Structures are given as C-alpha cells and as structure tokens.
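Scroll down for the structure; my scribbles are underneath it.
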Amino acid sequence: LNGVSVETHIQVYNYGALDTREIVTMADHQINEGGIGRLVVGGETDNNPTAVETRFIDDFMPHNPRRAVDLLKVDVEGFEIKALRSANKLFGDSIGRVRNVLVEFGPPSRWKRSGNSAADGKRLLKEMRDNYGFELRITASYAFEPFWRLVPGKEKKSAYGATYMTVSGDSEIHKLVRAMRKCDCEAYMWFASTAVFKPDKST
C-alpha cells in the first residue's frame, strides 16, 4: 500500500461477522493506530454503544469459484468461532480455494462473550483440519511458549519469515486449548491449506 491511495485497494464494510444475521451492539470502539471494539450480547450495556448489522463472511467473498483467496484474516475479539463458521460455504465449496487463514484465537475466557466454550474451540480446529484440509499452525503469540512446554521436542519451523509449530492430532489440539486456558492468553493461528485448488469449471 506504500505510495498509493488506500481507497483504491481496500473496501470497508460496516458490518460484524457472525454466523447469524441480526442487529447487535458494538461497544468500546476506538480508532487509534487501528480499530478495536467488541460485540455486546445478552443485554449488557457498555460505553459508547453503536448498533451494527451482522453478515456472513461468505456474503463478501468473490462469487467466481475460479478465484482463489490468498489470505483471510480474522481478529474479532472472542467471536472468531462464529465468524469462521459464517465462511462454511467459502471453505467447503472448493477445498483449497482459501490458501491461508490468520486468526487471533481465544482465549477460552473470551469465547464466553459469544456463548462459545473451550469444547467449541476444539471442535472448530478439528473442522478446519478434517473438513476443509487446513494444516493447523500456531505462530509467535502469548500461547506459543505455553503450548511448546506441553509438547516437549516439538519442532519450531519457519516460513515467510514467521516462526510456527504445527498442531497435529486431537491430543495437541487439547493441549493447545489447555495452554490458552492456563495462561488466559490468545494463540495466533495460521491455517494453511494442504489441498491443491481445483476450481469448479461447471459455472
């Protein structure tokens, strides 16, 4: 984006990303170096609330099945399980179409805001791996070292300048969520597609 008008490269939509379409409240929103905020649920009140409509991630993806998505980034302050489930069509219609997903994931205490649990987090990781063909990777984040201590000898790898560890098998998924719960900290997850993208030529 250096040296060009941001408006020519980025389209901003004033929606929340959830697996249901509804009107919710956005609170604690601030614009500093970036933008932060959170959804308010269950009638909770907060500072400076604003009503916002929620939509599926699927709604904003290119409809052309031949077009790959190189990167999907999700940072929604504890609502990532619901946000990722709103992209089921994108992930499922053409396995491998989405090449990389970066997610600020957890901690479980934050998932409670959205009505999700640690079990839901584990289930989501298994779905991304088993249903959509992603390799689960944890990159440098607060939960990185706590997870590494639970998997002695786990190899630390590097790609595109990022250090990561794979999260392999159900046992390591359980250990990752356990590490996040123990440190009450998030994991920066990188879901890397292992599938060769085969575009749908029927349309």
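How things are named: the first chain in the structure tokens is A, the next is B, and so on; residues count from 1 in each chain; ligands count from 1 in the order shown.
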Selection near region 118-125 of chain A, 7 Å with only C-alpha atoms, sequence-local residues under 3 positions removed, as a PyMOL selection string: chain A and resi 81+108+128-129+173-174+177
Selection from above, C-alpha atoms, as a PDB file, in the first residue's frame, can you write it?
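Final file, selection36.pdb:
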```pdb
ATOM      1  CA  ILE A  81     -15.623 -19.305  16.207  1.00  0.00           C
ATOM      2  CA  PRO A 108     -11.468 -19.621  26.135  1.00  0.00           C
ATOM      3  CA  MET A 128     -10.724 -26.694   9.830  1.00  0.00           C
ATOM      4  CA  ARG A 129      -8.351 -29.670   9.668  1.00  0.00           C
ATOM      5  CA  ILE A 173      -5.471 -29.605  19.917  1.00  0.00           C
ATOM      6  CA  HIS A 174      -6.462 -30.390  23.506  1.00  0.00           C
ATOM      7  CA  VAL A 177      -6.605 -25.092  24.332  1.00  0.00           C
TER       8      VAL A 177
END
```
Contacts of Val76 (chain A) within 8 Å, only C-alpha atoms, excl. fewer than 3 positions in-chain, as a PyMOL selection string: chain A and resi 38+79-80+83+104
Running DSSP on the backbone, which parts of region 6-197 of chain A land in helix (DSSP H, G or I), as a CSV table (one decimal) with N, CA, C and O atoms, in the first residue's frame?
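part.csv, written as the output of this step:
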```csv
chain,number,residue,atom,x,y,z
A,6,VAL,N,-5.0,4.3,-0.3
A,6,VAL,CA,-5.6,3.1,0.3
A,6,VAL,C,-7.0,2.8,-0.3
A,6,VAL,O,-7.3,1.6,-0.4
A,7,GLU,N,-7.7,3.8,-0.6
A,7,GLU,CA,-9.1,3.6,-1.1
A,7,GLU,C,-9.1,2.8,-2.4
A,7,GLU,O,-10.2,2.2,-2.7
A,8,THR,N,-8.1,2.8,-3.1
A,8,THR,CA,-8.1,2.0,-4.4
A,8,THR,C,-7.8,0.6,-4.1
A,8,THR,O,-8.0,-0.2,-5.1
A,57,ILE,N,-19.3,-14.0,6.5
A,57,ILE,CA,-18.1,-13.8,5.7
A,57,ILE,C,-18.4,-14.3,4.2
A,57,ILE,O,-17.9,-13.6,3.3
A,58,ASP,N,-19.1,-15.3,4.1
A,58,ASP,CA,-19.5,-15.8,2.8
A,58,ASP,C,-20.1,-14.7,1.9
A,58,ASP,O,-19.9,-14.7,0.7
A,59,ASP,N,-20.8,-13.8,2.5
A,59,ASP,CA,-21.5,-12.7,1.7
A,59,ASP,C,-20.6,-11.8,1.0
A,59,ASP,O,-21.0,-11.2,0.0
A,60,PHE,N,-19.3,-11.7,1.4
A,60,PHE,CA,-18.4,-10.8,0.9
A,60,PHE,C,-17.3,-11.4,0.0
A,60,PHE,O,-16.4,-10.7,-0.5
A,80,GLU,N,-14.4,-15.3,17.0
A,80,GLU,CA,-13.8,-16.0,15.9
A,80,GLU,C,-14.5,-17.3,15.5
A,80,GLU,O,-14.5,-17.7,14.4
A,81,ILE,N,-15.0,-18.0,16.5
A,81,ILE,CA,-15.6,-19.3,16.2
A,81,ILE,C,-16.9,-19.1,15.4
A,81,ILE,O,-17.1,-19.7,14.3
A,82,LYS,N,-17.7,-18.1,15.8
A,82,LYS,CA,-18.9,-17.8,15.0
A,82,LYS,C,-18.5,-17.2,13.6
A,82,LYS,O,-19.2,-17.4,12.6
A,83,ALA,N,-17.5,-16.3,13.6
A,83,ALA,CA,-17.1,-15.7,12.4
A,83,ALA,C,-16.6,-16.7,11.4
A,83,ALA,O,-17.0,-16.7,10.2
A,84,LEU,N,-15.8,-17.7,11.8
A,84,LEU,CA,-15.3,-18.7,10.9
A,84,LEU,C,-16.4,-19.6,10.4
A,84,LEU,O,-16.4,-20.0,9.2
A,85,ARG,N,-17.4,-19.9,11.2
A,85,ARG,CA,-18.5,-20.7,10.8
A,85,ARG,C,-19.4,-20.0,9.8
A,85,ARG,O,-20.1,-20.6,9.1
A,88,ASN,N,-18.5,-21.1,6.0
A,88,ASN,CA,-18.5,-22.6,5.7
A,88,ASN,C,-18.6,-22.8,4.2
A,88,ASN,O,-18.0,-23.7,3.7
A,89,LYS,N,-19.4,-22.0,3.5
A,89,LYS,CA,-19.6,-22.2,2.1
A,89,LYS,C,-18.3,-21.9,1.4
A,89,LYS,O,-17.9,-22.6,0.5
A,90,LEU,N,-17.6,-20.8,1.8
A,90,LEU,CA,-16.3,-20.5,1.1
A,90,LEU,C,-15.3,-21.6,1.3
A,90,LEU,O,-14.6,-22.0,0.4
A,91,PHE,N,-15.2,-22.1,2.5
A,91,PHE,CA,-14.3,-23.2,2.8
A,91,PHE,C,-14.7,-24.5,2.2
A,91,PHE,O,-13.8,-25.3,1.7
A,92,GLY,N,-16.0,-24.8,2.1
A,92,GLY,CA,-16.4,-26.1,1.7
A,92,GLY,C,-16.7,-26.3,0.3
A,92,GLY,O,-16.5,-27.4,-0.2
A,93,ASP,N,-17.1,-25.3,-0.5
A,93,ASP,CA,-17.5,-25.5,-1.9
A,93,ASP,C,-16.3,-25.9,-2.8
A,93,ASP,O,-16.4,-26.7,-3.7
A,108,PRO,N,-10.1,-19.1,25.8
A,108,PRO,CA,-11.5,-19.6,26.1
A,108,PRO,C,-12.3,-18.7,27.0
A,108,PRO,O,-13.5,-18.6,26.8
A,109,SER,N,-11.7,-17.9,27.9
A,109,SER,CA,-12.4,-17.0,28.7
A,109,SER,C,-13.1,-15.9,27.8
A,109,SER,O,-14.2,-15.4,28.2
A,110,ARG,N,-12.5,-15.6,26.7
A,110,ARG,CA,-13.1,-14.6,25.8
A,110,ARG,C,-14.2,-15.1,25.0
A,110,ARG,O,-15.1,-14.4,24.6
A,111,TRP,N,-14.1,-16.5,24.7
A,111,TRP,CA,-15.2,-17.1,23.9
A,111,TRP,C,-16.5,-17.0,24.6
A,111,TRP,O,-17.6,-17.1,24.0
A,112,LYS,N,-16.5,-16.9,26.0
A,112,LYS,CA,-17.8,-16.9,26.7
A,112,LYS,C,-18.6,-15.7,26.3
A,112,LYS,O,-19.9,-15.8,26.4
A,113,ARG,N,-18.0,-14.6,25.9
A,113,ARG,CA,-18.8,-13.5,25.4
A,113,ARG,C,-19.7,-13.8,24.3
A,113,ARG,O,-20.8,-13.2,24.1
A,114,SER,N,-19.3,-14.8,23.4
A,114,SER,CA,-20.1,-15.1,22.3
A,114,SER,C,-21.0,-16.4,22.5
A,114,SER,O,-21.6,-16.8,21.6
A,118,ALA,N,-14.6,-23.8,25.5
A,118,ALA,CA,-13.4,-24.5,25.0
A,118,ALA,C,-13.7,-25.7,24.1
A,118,ALA,O,-12.9,-25.9,23.2
A,119,ALA,N,-14.8,-26.4,24.4
A,119,ALA,CA,-15.1,-27.5,23.5
A,119,ALA,C,-15.4,-27.0,22.1
A,119,ALA,O,-15.1,-27.7,21.1
A,120,ASP,N,-16.1,-25.9,22.0
A,120,ASP,CA,-16.4,-25.3,20.7
A,120,ASP,C,-15.1,-25.0,20.0
A,120,ASP,O,-15.0,-25.1,18.7
A,121,GLY,N,-14.1,-24.4,20.7
A,121,GLY,CA,-12.9,-24.1,20.1
A,121,GLY,C,-12.1,-25.3,19.5
A,121,GLY,O,-11.6,-25.3,18.4
A,122,LYS,N,-12.1,-26.4,20.3
A,122,LYS,CA,-11.5,-27.6,19.9
A,122,LYS,C,-12.2,-28.2,18.6
A,122,LYS,O,-11.6,-28.6,17.7
A,123,ARG,N,-13.5,-28.1,18.7
A,123,ARG,CA,-14.3,-28.6,17.5
A,123,ARG,C,-14.1,-27.8,16.3
A,123,ARG,O,-13.9,-28.4,15.2
A,124,LEU,N,-13.9,-26.5,16.4
A,124,LEU,CA,-13.6,-25.7,15.3
A,124,LEU,C,-12.3,-26.0,14.6
A,124,LEU,O,-12.1,-26.1,13.4
A,125,LEU,N,-11.3,-26.2,15.5
A,125,LEU,CA,-9.9,-26.6,15.0
A,125,LEU,C,-10.0,-27.9,14.2
A,125,LEU,O,-9.4,-28.1,13.1
A,126,LYS,N,-10.7,-28.9,14.7
A,126,LYS,CA,-10.9,-30.2,14.1
A,126,LYS,C,-11.6,-30.0,12.7
A,126,LYS,O,-11.3,-30.7,11.7
A,127,GLU,N,-12.6,-29.2,12.7
A,127,GLU,CA,-13.3,-28.9,11.4
A,127,GLU,C,-12.4,-28.3,10.4
A,127,GLU,O,-12.5,-28.7,9.2
A,128,MET,N,-11.6,-27.3,10.8
A,128,MET,CA,-10.7,-26.7,9.8
A,128,MET,C,-9.7,-27.7,9.3
A,128,MET,O,-9.4,-27.7,8.1
A,129,ARG,N,-9.3,-28.6,10.1
A,129,ARG,CA,-8.4,-29.7,9.7
A,129,ARG,C,-9.0,-30.8,8.8
A,129,ARG,O,-8.6,-31.1,7.7
A,130,ASP,N,-10.1,-31.3,9.4
A,130,ASP,CA,-10.7,-32.5,8.8
A,130,ASP,C,-11.6,-32.2,7.6
A,130,ASP,O,-11.7,-33.0,6.7
A,144,PHE,N,2.2,-19.3,22.5
A,144,PHE,CA,3.2,-20.1,21.8
A,144,PHE,C,4.1,-21.0,22.7
A,144,PHE,O,4.2,-22.2,22.6
A,145,GLU,N,4.7,-20.3,23.7
A,145,GLU,CA,5.6,-21.0,24.6
A,145,GLU,C,4.9,-21.9,25.6
A,145,GLU,O,5.3,-23.0,25.8
A,146,PRO,N,3.7,-21.4,26.1
A,146,PRO,CA,3.0,-22.4,27.0
A,146,PRO,C,2.6,-23.7,26.3
A,146,PRO,O,2.6,-24.7,26.8
A,147,PHE,N,2.2,-23.6,25.0
A,147,PHE,CA,1.9,-24.8,24.2
A,147,PHE,C,3.2,-25.6,24.0
A,147,PHE,O,3.1,-26.8,24.2
A,148,TRP,N,4.3,-25.0,23.7
A,148,TRP,CA,5.5,-25.7,23.4
A,148,TRP,C,6.0,-26.5,24.6
A,148,TRP,O,6.5,-27.6,24.5
A,149,ARG,N,5.7,-25.9,25.8
A,149,ARG,CA,6.1,-26.7,27.0
A,149,ARG,C,5.3,-27.9,27.3
A,149,ARG,O,5.7,-28.8,28.0
A,150,LEU,N,4.1,-28.0,26.6
A,150,LEU,CA,3.2,-29.2,26.8
A,150,LEU,C,3.5,-30.2,25.7
A,150,LEU,O,3.0,-31.3,25.8
A,169,GLY,N,-2.9,-33.7,15.3
A,169,GLY,CA,-3.7,-34.6,16.1
A,169,GLY,C,-4.6,-34.0,17.2
A,169,GLY,O,-4.3,-32.9,17.6
A,170,ASP,N,-5.6,-34.8,17.6
A,170,ASP,CA,-6.5,-34.3,18.6
A,170,ASP,C,-5.8,-34.0,19.9
A,170,ASP,O,-6.2,-33.1,20.6
A,171,SER,N,-4.8,-34.8,20.3
A,171,SER,CA,-4.1,-34.6,21.5
A,171,SER,C,-3.5,-33.2,21.6
A,171,SER,O,-3.6,-32.6,22.6
A,172,GLU,N,-2.9,-32.8,20.5
A,172,GLU,CA,-2.2,-31.5,20.5
A,172,GLU,C,-3.3,-30.4,20.5
A,172,GLU,O,-3.0,-29.3,21.0
A,173,ILE,N,-4.4,-30.6,19.9
A,173,ILE,CA,-5.5,-29.6,19.9
A,173,ILE,C,-5.9,-29.4,21.4
A,173,ILE,O,-6.1,-28.3,21.8
A,174,HIS,N,-6.1,-30.5,22.1
A,174,HIS,CA,-6.5,-30.4,23.5
A,174,HIS,C,-5.4,-29.6,24.3
A,174,HIS,O,-5.7,-28.8,25.2
A,175,LYS,N,-4.1,-29.9,24.0
A,175,LYS,CA,-3.0,-29.3,24.7
A,175,LYS,C,-3.0,-27.8,24.4
A,175,LYS,O,-2.7,-27.0,25.3
A,176,LEU,N,-3.2,-27.4,23.2
A,176,LEU,CA,-3.3,-26.0,22.8
A,176,LEU,C,-4.3,-25.2,23.6
A,176,LEU,O,-4.0,-24.2,24.1
A,177,VAL,N,-5.5,-25.8,23.6
A,177,VAL,CA,-6.6,-25.1,24.3
A,177,VAL,C,-6.3,-25.1,25.8
A,177,VAL,O,-6.6,-24.1,26.5
A,178,ARG,N,-5.7,-26.1,26.3
A,178,ARG,CA,-5.3,-26.2,27.7
A,178,ARG,C,-4.3,-25.1,28.0
A,178,ARG,O,-4.3,-24.4,29.0
A,179,ALA,N,-3.3,-24.9,27.1
A,179,ALA,CA,-2.3,-23.9,27.3
A,179,ALA,C,-2.9,-22.5,27.3
A,179,ALA,O,-2.6,-21.6,28.1
A,180,MET,N,-3.8,-22.2,26.4
A,180,MET,CA,-4.5,-20.9,26.3
A,180,MET,C,-5.3,-20.7,27.6
A,180,MET,O,-5.4,-19.6,28.1
A,181,ARG,N,-6.0,-21.7,28.1
A,181,ARG,CA,-6.8,-21.6,29.3
A,181,ARG,C,-5.9,-21.3,30.5
A,181,ARG,O,-6.2,-20.4,31.3
A,182,LYS,N,-4.7,-22.0,30.6
A,182,LYS,CA,-3.9,-21.8,31.7
A,182,LYS,C,-3.2,-20.4,31.8
A,182,LYS,O,-3.2,-19.8,32.8
A,183,CYS,N,-2.8,-19.9,30.6
A,183,CYS,CA,-2.2,-18.6,30.6
A,183,CYS,C,-3.2,-17.5,30.4
A,183,CYS,O,-2.9,-16.3,30.5
```
Contacts of region 137-139 of chain A at 7 Å (only C-alpha atoms; same-chain gap of 3+ positions) as a PyMOL selection string: chain A and resi 144+162-167+187-191
Residue selection dump (all heavy atoms) as a short mmCIF file (atom, residue, chain, number, x, y, z; two decimals), in the first residue's frame:
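Below you can see out-v3.cif, which holds the result:
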```cif
data_model
loop_
_atom_site.label_atom_id
_atom_site.label_comp_id
_atom_site.auth_asym_id
_atom_site.auth_seq_id
_atom_site.Cartn_x
_atom_site.Cartn_y
_atom_site.Cartn_z
N PHE A 144 2.23 -19.35 22.51
CA PHE A 144 3.22 -20.15 21.78
C PHE A 144 4.11 -20.95 22.73
O PHE A 144 4.21 -22.18 22.62
CB PHE A 144 4.06 -19.22 20.90
CG PHE A 144 4.98 -19.93 19.94
CD1 PHE A 144 4.51 -20.35 18.71
CD2 PHE A 144 6.31 -20.16 20.27
CE1 PHE A 144 5.36 -20.98 17.80
CE2 PHE A 144 7.17 -20.79 19.38
CZ PHE A 144 6.69 -21.21 18.14
N ALA A 162 7.89 -16.20 9.34
CA ALA A 162 7.13 -16.48 10.57
C ALA A 162 7.60 -17.78 11.20
O ALA A 162 7.80 -18.78 10.50
CB ALA A 162 5.64 -16.54 10.27
N THR A 163 7.77 -17.78 12.51
CA THR A 163 8.06 -19.00 13.25
C THR A 163 6.75 -19.64 13.68
O THR A 163 5.84 -18.95 14.15
CB THR A 163 8.92 -18.69 14.49
OG1 THR A 163 10.15 -18.09 14.07
CG2 THR A 163 9.22 -19.95 15.28
N TYR A 164 6.65 -20.96 13.51
CA TYR A 164 5.40 -21.63 13.86
C TYR A 164 5.67 -23.06 14.29
O TYR A 164 6.74 -23.62 14.05
CB TYR A 164 4.42 -21.60 12.68
CG TYR A 164 4.81 -22.49 11.53
CD1 TYR A 164 4.34 -23.81 11.46
CD2 TYR A 164 5.63 -22.05 10.50
CE1 TYR A 164 4.69 -24.65 10.41
CE2 TYR A 164 5.98 -22.87 9.45
CZ TYR A 164 5.50 -24.17 9.40
OH TYR A 164 5.85 -24.99 8.36
N MET A 165 4.67 -23.65 14.92
CA MET A 165 4.63 -25.08 15.20
C MET A 165 3.32 -25.63 14.67
O MET A 165 2.28 -24.95 14.75
CB MET A 165 4.72 -25.36 16.71
CG MET A 165 6.05 -25.04 17.34
SD MET A 165 6.08 -25.41 19.13
CE MET A 165 5.07 -24.05 19.77
N THR A 166 3.36 -26.82 14.12
CA THR A 166 2.11 -27.46 13.71
C THR A 166 1.39 -27.99 14.94
O THR A 166 2.01 -28.36 15.94
CB THR A 166 2.37 -28.61 12.73
OG1 THR A 166 3.25 -29.56 13.34
CG2 THR A 166 2.99 -28.10 11.43
N VAL A 167 0.07 -28.00 14.87
CA VAL A 167 -0.76 -28.60 15.92
C VAL A 167 -1.35 -29.86 15.30
O VAL A 167 -2.30 -29.80 14.53
CB VAL A 167 -1.85 -27.62 16.39
CG1 VAL A 167 -2.68 -28.26 17.50
CG2 VAL A 167 -1.24 -26.31 16.85
N ALA A 187 -3.89 -17.42 21.05
CA ALA A 187 -2.95 -18.01 20.10
C ALA A 187 -3.19 -17.37 18.74
O ALA A 187 -4.34 -17.21 18.33
CB ALA A 187 -3.15 -19.52 20.01
N TYR A 188 -2.11 -17.02 18.06
CA TYR A 188 -2.23 -16.55 16.69
C TYR A 188 -2.12 -17.79 15.80
O TYR A 188 -1.05 -18.39 15.69
CB TYR A 188 -1.15 -15.54 16.34
CG TYR A 188 -1.27 -14.23 17.08
CD1 TYR A 188 -0.19 -13.36 17.18
CD2 TYR A 188 -2.47 -13.85 17.69
CE1 TYR A 188 -0.29 -12.16 17.87
CE2 TYR A 188 -2.58 -12.67 18.38
CZ TYR A 188 -1.50 -11.82 18.47
OH TYR A 188 -1.60 -10.64 19.15
N MET A 189 -3.26 -18.17 15.21
CA MET A 189 -3.32 -19.39 14.42
C MET A 189 -3.20 -19.08 12.93
O MET A 189 -3.74 -18.11 12.44
CB MET A 189 -4.63 -20.14 14.68
CG MET A 189 -4.80 -20.61 16.12
SD MET A 189 -3.52 -21.75 16.68
CE MET A 189 -3.73 -23.12 15.54
N TRP A 190 -2.48 -19.96 12.26
CA TRP A 190 -2.31 -19.89 10.82
C TRP A 190 -2.83 -21.21 10.25
O TRP A 190 -2.25 -22.25 10.48
CB TRP A 190 -0.84 -19.68 10.49
CG TRP A 190 -0.44 -19.75 9.04
CD1 TRP A 190 -1.28 -19.81 7.95
CD2 TRP A 190 0.90 -19.78 8.53
NE1 TRP A 190 -0.54 -19.87 6.80
CE2 TRP A 190 0.79 -19.85 7.11
CE3 TRP A 190 2.16 -19.75 9.12
CZ2 TRP A 190 1.90 -19.89 6.29
CZ3 TRP A 190 3.27 -19.79 8.30
CH2 TRP A 190 3.14 -19.86 6.90
N PHE A 191 -3.95 -21.14 9.56
CA PHE A 191 -4.50 -22.32 8.90
C PHE A 191 -4.00 -22.30 7.45
O PHE A 191 -4.41 -21.43 6.67
CB PHE A 191 -6.02 -22.32 8.94
CG PHE A 191 -6.61 -22.23 10.33
CD1 PHE A 191 -7.75 -21.48 10.57
CD2 PHE A 191 -6.02 -22.89 11.40
CE1 PHE A 191 -8.29 -21.39 11.84
CE2 PHE A 191 -6.56 -22.81 12.69
CZ PHE A 191 -7.71 -22.05 12.90
#
```
Interatomic distance, CA of Leu72 (chain A) to CA of Val101 (chain A) (Å, one decimal):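 So the answer is 4.7 Å.
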Two-atom distance - CA of Phe56 (chain A), CA of Ala140 (chain A) (Å): 28.5 Å
Members of region 120-181 of chain A assigned strand (DSSP E) by DSSP, as a PyMOL selection string: chain A and resi 134-139+157-159+162-166
Residues within 12 Å of Ile95 (chain A), only C-alpha atoms, excluding chain neighbours under 4 positions, as a VMD selection string: chain A and resid 65 to 66 68 to 69 88 to 91 99 to 100 128 to 134 192 to 200
